[in-house]
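Enquirer: File input.cif follows (mmCIF, C-alpha atoms):
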```
data_model
#
loop_
_atom_site.group_PDB
_atom_site.id
_atom_site.type_symbol
_atom_site.label_atom_id
_atom_site.label_comp_id
_atom_site.auth_asym_id
_atom_site.auth_seq_id
_atom_site.Cartn_x
_atom_site.Cartn_y
_atom_site.Cartn_z
ATOM 1 C CA MET A 1 71.786 125.472 83.828
ATOM 2 C CA ARG A 2 69.242 122.871 82.950
ATOM 3 C CA ALA A 3 68.659 122.005 86.625
ATOM 4 C CA PRO A 4 66.429 124.514 88.480
ATOM 5 C CA GLY A 5 69.420 125.686 90.522
ATOM 6 C CA ARG A 6 72.412 124.107 92.176
ATOM 7 C CA LEU A 7 73.405 125.434 95.592
ATOM 8 C CA LEU A 8 76.855 124.326 96.817
ATOM 9 C CA ALA A 9 77.451 122.406 93.588
ATOM 10 C CA THR A 10 80.930 121.594 92.407
ATOM 11 C CA SER A 11 82.479 122.328 89.038
ATOM 12 C CA TYR A 12 85.730 121.597 87.296
ATOM 13 C CA PRO A 13 87.239 122.565 83.919
ATOM 14 C CA LEU A 14 87.635 119.733 81.425
ATOM 15 C CA ALA A 15 90.523 119.221 78.998
ATOM 16 C CA ASP A 16 88.259 120.047 76.018
ATOM 17 C CA GLY A 17 87.470 123.510 77.435
ATOM 18 C CA GLY A 18 84.053 122.603 78.843
ATOM 19 C CA VAL A 19 83.107 122.726 82.518
ATOM 20 C CA LEU A 20 81.639 119.744 84.405
ATOM 21 C CA VAL A 21 79.033 120.841 86.996
ATOM 22 C CA ALA A 22 77.816 118.172 89.412
ATOM 23 C CA SER A 23 75.650 117.667 92.443
ATOM 24 C CA GLY A 24 74.490 120.527 94.663
ATOM 25 C CA TYR A 25 71.365 121.132 96.727
ATOM 26 C CA LEU A 26 67.843 121.915 95.482
ATOM 27 C CA ASP A 27 67.407 124.530 98.237
ATOM 28 C CA LEU A 28 69.027 125.390 101.537
ATOM 29 C CA ALA A 29 65.813 124.932 103.539
ATOM 30 C CA ASN A 30 65.536 121.221 102.722
ATOM 31 C CA LEU A 31 69.147 120.361 101.747
ATOM 32 C CA VAL A 32 68.075 117.647 99.325
ATOM 33 C CA GLY A 33 71.050 116.708 97.149
ATOM 34 C CA TYR A 34 71.030 116.451 93.371
ATOM 35 C CA ALA A 35 72.034 113.193 91.699
ATOM 36 C CA SER A 36 72.759 114.786 88.322
ATOM 37 C CA SER A 37 75.491 116.562 86.398
ATOM 38 C CA GLU A 38 75.859 118.828 83.380
ATOM 39 C CA VAL A 39 78.621 119.985 81.064
ATOM 40 C CA TYR A 40 78.797 123.624 80.039
ATOM 41 C CA THR A 41 80.276 124.183 76.583
ATOM 42 C CA PHE A 42 81.096 127.789 75.718
ATOM 43 C CA GLY A 43 78.976 129.090 72.853
ATOM 44 C CA VAL A 44 76.603 126.103 73.136
ATOM 45 C CA GLY A 45 75.323 125.998 76.727
ATOM 46 C CA PHE A 46 74.532 123.144 79.104
ATOM 47 C CA SER A 47 74.021 119.492 78.215
ATOM 48 C CA ASP A 48 73.271 116.462 80.374
ATOM 49 C CA ALA A 49 76.376 114.718 81.763
ATOM 50 C CA GLY A 50 74.625 111.780 83.381
ATOM 51 C CA ALA A 51 73.110 110.747 86.672
ATOM 52 C CA LEU A 52 75.316 110.397 89.738
ATOM 53 C CA PRO A 53 75.149 107.053 91.560
ATOM 54 C CA PHE A 54 74.067 108.934 94.725
ATOM 55 C CA GLN A 55 72.583 112.287 95.796
ATOM 56 C CA ALA A 56 75.145 114.709 97.156
ATOM 57 C CA GLY A 57 75.380 118.403 97.962
ATOM 58 C CA ALA A 58 78.721 120.065 98.728
ATOM 59 C CA PRO A 59 80.963 117.156 97.613
ATOM 60 C CA ALA A 60 84.740 117.311 97.160
ATOM 61 C CA PHE A 61 85.878 117.290 93.532
ATOM 62 C CA GLY A 62 89.202 116.863 91.704
ATOM 63 C CA LEU A 63 90.815 115.509 88.552
ATOM 64 C CA LEU A 64 92.935 112.343 88.696
ATOM 65 C CA SER A 65 96.220 112.109 86.770
ATOM 66 C CA ASN A 66 94.498 110.980 83.552
ATOM 67 C CA GLY A 67 91.939 113.811 83.702
ATOM 68 C CA THR A 68 89.142 111.649 85.135
ATOM 69 C CA PRO A 69 86.910 113.725 87.448
ATOM 70 C CA LEU A 70 86.467 112.356 90.992
ATOM 71 C CA LEU A 71 83.511 113.326 93.202
ATOM 72 C CA ALA A 72 83.743 112.319 96.884
ATOM 73 C CA GLY A 73 81.151 112.602 99.626
ATOM 74 C CA GLY A 74 78.517 115.301 99.906
ATOM 75 C CA GLY A 75 75.375 115.650 102.008
ATOM 76 C CA THR A 76 71.714 114.874 101.544
ATOM 77 C CA ASP A 77 68.533 114.049 103.489
ATOM 78 C CA GLY A 78 68.026 117.533 104.881
ATOM 79 C CA GLY A 79 71.648 117.767 105.956
ATOM 80 C CA THR A 80 71.332 114.814 108.338
ATOM 81 C CA ARG A 81 73.492 112.468 106.290
ATOM 82 C CA ALA A 82 76.896 112.789 104.659
ATOM 83 C CA GLU A 83 77.795 110.445 101.808
ATOM 84 C CA GLY A 84 80.446 107.827 102.358
ATOM 85 C CA ARG A 85 80.943 107.082 98.668
ATOM 86 C CA SER A 86 82.934 108.343 95.698
ATOM 87 C CA ALA A 87 82.291 108.309 91.957
ATOM 88 C CA LEU A 88 84.344 108.799 88.784
ATOM 89 C CA TRP A 89 83.137 110.340 85.509
ATOM 90 C CA SER A 90 84.455 108.388 82.544
ATOM 91 C CA ASN A 91 83.212 108.191 78.954
ATOM 92 C CA SER A 92 80.453 110.713 79.796
ATOM 93 C CA ALA A 93 78.956 108.512 82.528
ATOM 94 C CA TRP A 94 79.372 108.266 86.308
ATOM 95 C CA ALA A 95 80.539 105.043 87.954
ATOM 96 C CA LEU A 96 80.572 104.299 91.655
ATOM 97 C CA ASP A 97 84.219 104.197 92.738
ATOM 98 C CA GLY A 98 83.849 102.850 96.233
ATOM 99 C CA PRO A 99 83.320 103.662 99.882
ATOM 100 C CA LEU A 100 85.030 106.449 101.786
ATOM 101 C CA ASN A 101 86.647 105.697 105.119
ATOM 102 C CA ASP A 102 84.583 108.574 106.566
ATOM 103 C CA ALA A 103 81.272 109.906 105.269
ATOM 104 C CA ARG A 104 81.817 113.640 104.663
ATOM 105 C CA ARG A 105 80.273 116.743 103.144
ATOM 106 C CA GLY A 106 81.906 120.123 102.580
ATOM 107 C CA ALA A 107 85.400 118.595 102.410
ATOM 108 C CA SER A 108 88.274 120.145 100.492
ATOM 109 C CA SER A 109 90.162 118.415 97.702
ATOM 110 C CA THR A 110 93.712 118.883 96.454
ATOM 111 C CA VAL A 111 95.350 117.348 93.404
ATOM 112 C CA LEU A 112 98.766 116.059 94.528
ATOM 113 C CA PRO A 113 101.926 116.128 92.358
ATOM 114 C CA SER A 114 101.503 112.337 91.893
ATOM 115 C CA GLY A 115 98.129 112.928 90.172
ATOM 116 C CA ARG A 116 96.191 111.451 93.080
ATOM 117 C CA VAL A 117 93.452 113.480 94.817
ATOM 118 C CA MET A 118 93.517 114.132 98.583
ATOM 119 C CA VAL A 119 90.144 114.772 100.252
ATOM 120 C CA SER A 120 90.381 116.382 103.704
ATOM 121 C CA GLY A 121 88.103 117.508 106.497
ATOM 122 C CA GLY A 122 84.425 118.169 106.070
ATOM 123 C CA ALA A 123 81.666 117.175 108.439
ATOM 124 C CA PHE A 124 78.916 114.631 109.046
ATOM 125 C CA GLY A 125 75.718 114.593 111.077
ATOM 126 C CA PRO A 126 72.859 117.107 111.279
ATOM 127 C CA ALA A 127 73.431 120.459 109.556
ATOM 128 C CA ALA A 128 72.527 122.297 112.784
ATOM 129 C CA SER A 129 75.168 120.474 114.848
ATOM 130 C CA PRO A 130 77.708 118.797 112.536
ATOM 131 C CA THR A 131 80.688 116.798 113.700
ATOM 132 C CA GLU A 132 83.840 118.102 112.037
ATOM 133 C CA LEU A 133 86.307 115.616 110.583
ATOM 134 C CA ALA A 134 90.075 115.771 111.012
ATOM 135 C CA THR A 135 90.796 112.938 108.561
ATOM 136 C CA THR A 136 92.204 112.670 105.046
ATOM 137 C CA GLU A 137 91.733 110.157 102.246
ATOM 138 C CA VAL A 138 93.713 109.832 99.012
ATOM 139 C CA PHE A 139 92.257 108.549 95.737
ATOM 140 C CA GLY A 140 94.012 107.376 92.604
ATOM 141 C CA LEU A 141 93.499 105.269 89.510
ATOM 142 C CA LEU A 142 93.125 101.504 89.847
ATOM 143 C CA ASP A 143 96.085 99.177 89.337
ATOM 144 C CA ALA A 144 96.072 96.150 87.023
ATOM 145 C CA GLY A 145 93.967 93.348 88.517
ATOM 146 C CA ALA A 146 91.488 95.651 90.320
ATOM 147 C CA SER A 147 87.743 95.462 89.577
ATOM 148 C CA CYS A 148 86.532 98.196 87.194
ATOM 149 C CA VAL A 149 83.491 99.382 85.245
ATOM 150 C CA GLY A 150 85.204 101.628 82.677
ATOM 151 C CA ASP A 151 88.557 102.394 81.040
ATOM 152 C CA GLY A 152 88.878 105.778 82.782
ATOM 153 C CA LEU A 153 89.068 104.092 86.177
ATOM 154 C CA CYS A 154 92.241 102.125 85.384
ATOM 155 C CA ALA A 155 95.782 103.544 85.409
ATOM 156 C CA SER A 156 96.399 101.582 82.198
ATOM 157 C CA GLN A 157 93.155 102.961 80.650
ATOM 158 C CA HIS A 158 92.099 99.342 79.921
ATOM 159 C CA CYS A 159 89.104 97.812 81.707
ATOM 160 C CA SER A 160 88.504 94.339 80.266
ATOM 161 C CA PRO A 161 85.053 93.001 79.355
ATOM 162 C CA GLN A 162 85.421 90.825 82.485
ATOM 163 C CA GLY A 163 85.529 93.997 84.645
ATOM 164 C CA VAL A 164 89.233 93.838 85.570
ATOM 165 C CA CYS A 165 91.905 96.510 84.965
ATOM 166 C CA CYS A 166 94.293 95.076 82.361
ATOM 167 C CA ASP A 167 97.858 95.946 81.430
ATOM 168 C CA THR A 168 96.785 96.223 77.752
ATOM 169 C CA ALA A 169 93.531 96.173 75.774
ATOM 170 C CA CYS A 170 92.158 92.665 76.187
ATOM 171 C CA THR A 171 89.212 92.468 73.815
ATOM 172 C CA GLY A 172 90.251 89.818 71.291
ATOM 173 C CA ALA A 173 88.702 86.381 70.942
ATOM 174 C CA CYS A 174 89.786 84.047 73.762
ATOM 175 C CA GLU A 175 91.611 86.852 75.590
ATOM 176 C CA SER A 176 90.998 87.328 79.283
ATOM 177 C CA CYS A 177 92.393 89.477 82.050
ATOM 178 C CA ASN A 178 90.976 87.657 85.058
ATOM 179 C CA GLN A 179 92.847 84.353 85.044
ATOM 180 C CA THR A 180 94.129 82.956 88.348
ATOM 181 C CA GLY A 181 97.846 83.599 88.642
ATOM 182 C CA SER A 182 97.879 86.361 86.022
ATOM 183 C CA LEU A 183 95.151 88.733 87.186
ATOM 184 C CA GLY A 184 95.447 92.045 85.310
ATOM 185 C CA VAL A 185 97.645 90.593 82.543
ATOM 186 C CA CYS A 186 96.125 89.951 79.145
#
```
Just give me the structure as structure tokens.
Expert:
Amino acid sequence: MRAPGRLLATSYPLADGGVLVASGYLDLANLVGYASSEVYTFGVGFSDAGALPFQAGAPAFGLLSNGTPLLAGGGTDGGTRAEGRSALWSNSAWALDGPLNDARRGASSTVLPSGRVMVSGGAFGPAASPTELATTEVFGLLDAGASCVGDGLCASQHCSPQGVCCDTACTGACESCNQTGSLGVC
């Protein structure tokens, strides 16, 4: 690994045979979360996979139906804070996906038959006396008309230059996907 060590990091196999490794803690004494990721390619080694939009140790991790990795929650600040955010890795860069209903670290994730990812349980609060969560959240790709920052975030795989998920690629001259009355339609 290029990072000095990743305790309670998360990893997931990618479709190309590589492994995405993200987040983790610098050390267990301080529980300061990493805000970085790496891809391991067999026979080559580790390469930078981009900065996360937040620091997080022990996040939940899963692949959405289109193969886009989702990272949800995680802890930082000496274990006193759990993240209430999620991020997606698309086109070799991380993008903030949005807020979680509950900030959580150490949660489990399950890819559902629908291709959505369910994140369950975890905890928040100080590491010495955490409050356990009995809640679940489900994540999926964005529908046409939703705000986006990259193609991998949209179910259609088309995020327009205006930052809206489109039904088709909408990159031609005078084409727009954010018109009143036809939001998400090019």
Enquirer: Just the number, please: distance in Å from atom CA of Phe139 of chain A to atom CA of Met118 of chain A, one decimal.
Expert: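 It comes out at 6.4 Å.
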Enquirer: So the first atom is atom CA of Gly57 of chain A and the second is atom CA of Gly74 of chain A; what is the distance between them in Å, to one decimal place?
Expert: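 Answer for the atom CA of Gly57 of chain A to atom CA of Gly74 of chain A separation: 4.8 Å.
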Enquirer: For the PyMOL selection byres ((chain A and resi 67) around 12), applied here, can you spell out every residue it catches as a PyMOL selection string?
Expert: chain A and resi 12-16+20+62-66+68-70+88-91+111+115-117+140-141+152-155+157
Enquirer: Interatomic distance between atom CA of Ala146 of chain A and atom CA of Ala49 of chain A?
Expert: 25.8 Å
Enquirer: Env of Asp143 of chain A: 9 Å cut, atoms = all atoms listed in the file, seq-sep filter 4 positions within chain, self excluded. Answer as a ChimeraX atom specification.
Expert: /A:154-156,165-167,184
Enquirer: Expand the PyMOL selection byres ((chain A and resi 104) around 12) into the explicit residue set it covers here, and present it as a ChimeraX atom specification.
Expert: /A:56-60,71-76,79-86,99-103,105-109,119-127,130-137
Enquirer: Which one is closest to Ser36 of chain A: A:Cys159, A:Asp151, A:Val21, A:Leu52? Count all atoms listed in the file.
Expert: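 Under the stated criterion, the closest residue is A:Leu52.
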Enquirer: Let me make sure I understand: among A:Leu8, A:Val138, A:Ala95, A:Val149, which one has the smallest atom-to-atom distance to Thr110 of chain A if we use all atoms listed in the file?
Expert: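 Ranked by minimum distance to Thr110 of chain A, first place goes to A:Val138.
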Enquirer: The PyMOL selection byres ((chain A and resi 46) around 10) - which residues does that actually catch in the file I just gave you? List them as a list in words.
Expert: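 Going through the file, the PyMOL selection byres ((chain A and resi 46) around 10) ends up selecting Met1, Arg2, Ala3, Gly18, Val19, Leu20, Val21, Ser37, Glu38, Val39, Tyr40, Thr41, Phe42, Gly43, Val44, Gly45, Ser47, Asp48 and Ala49 of chain A.
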Enquirer: Between A:Ala87, A:Trp94, A:Gly145, A:Cys170, which one has atoms that come closest to Ser182 of chain A, using all atoms listed in the file?
Expert: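 So, comparing all the options, the nearest one is A:Gly145.
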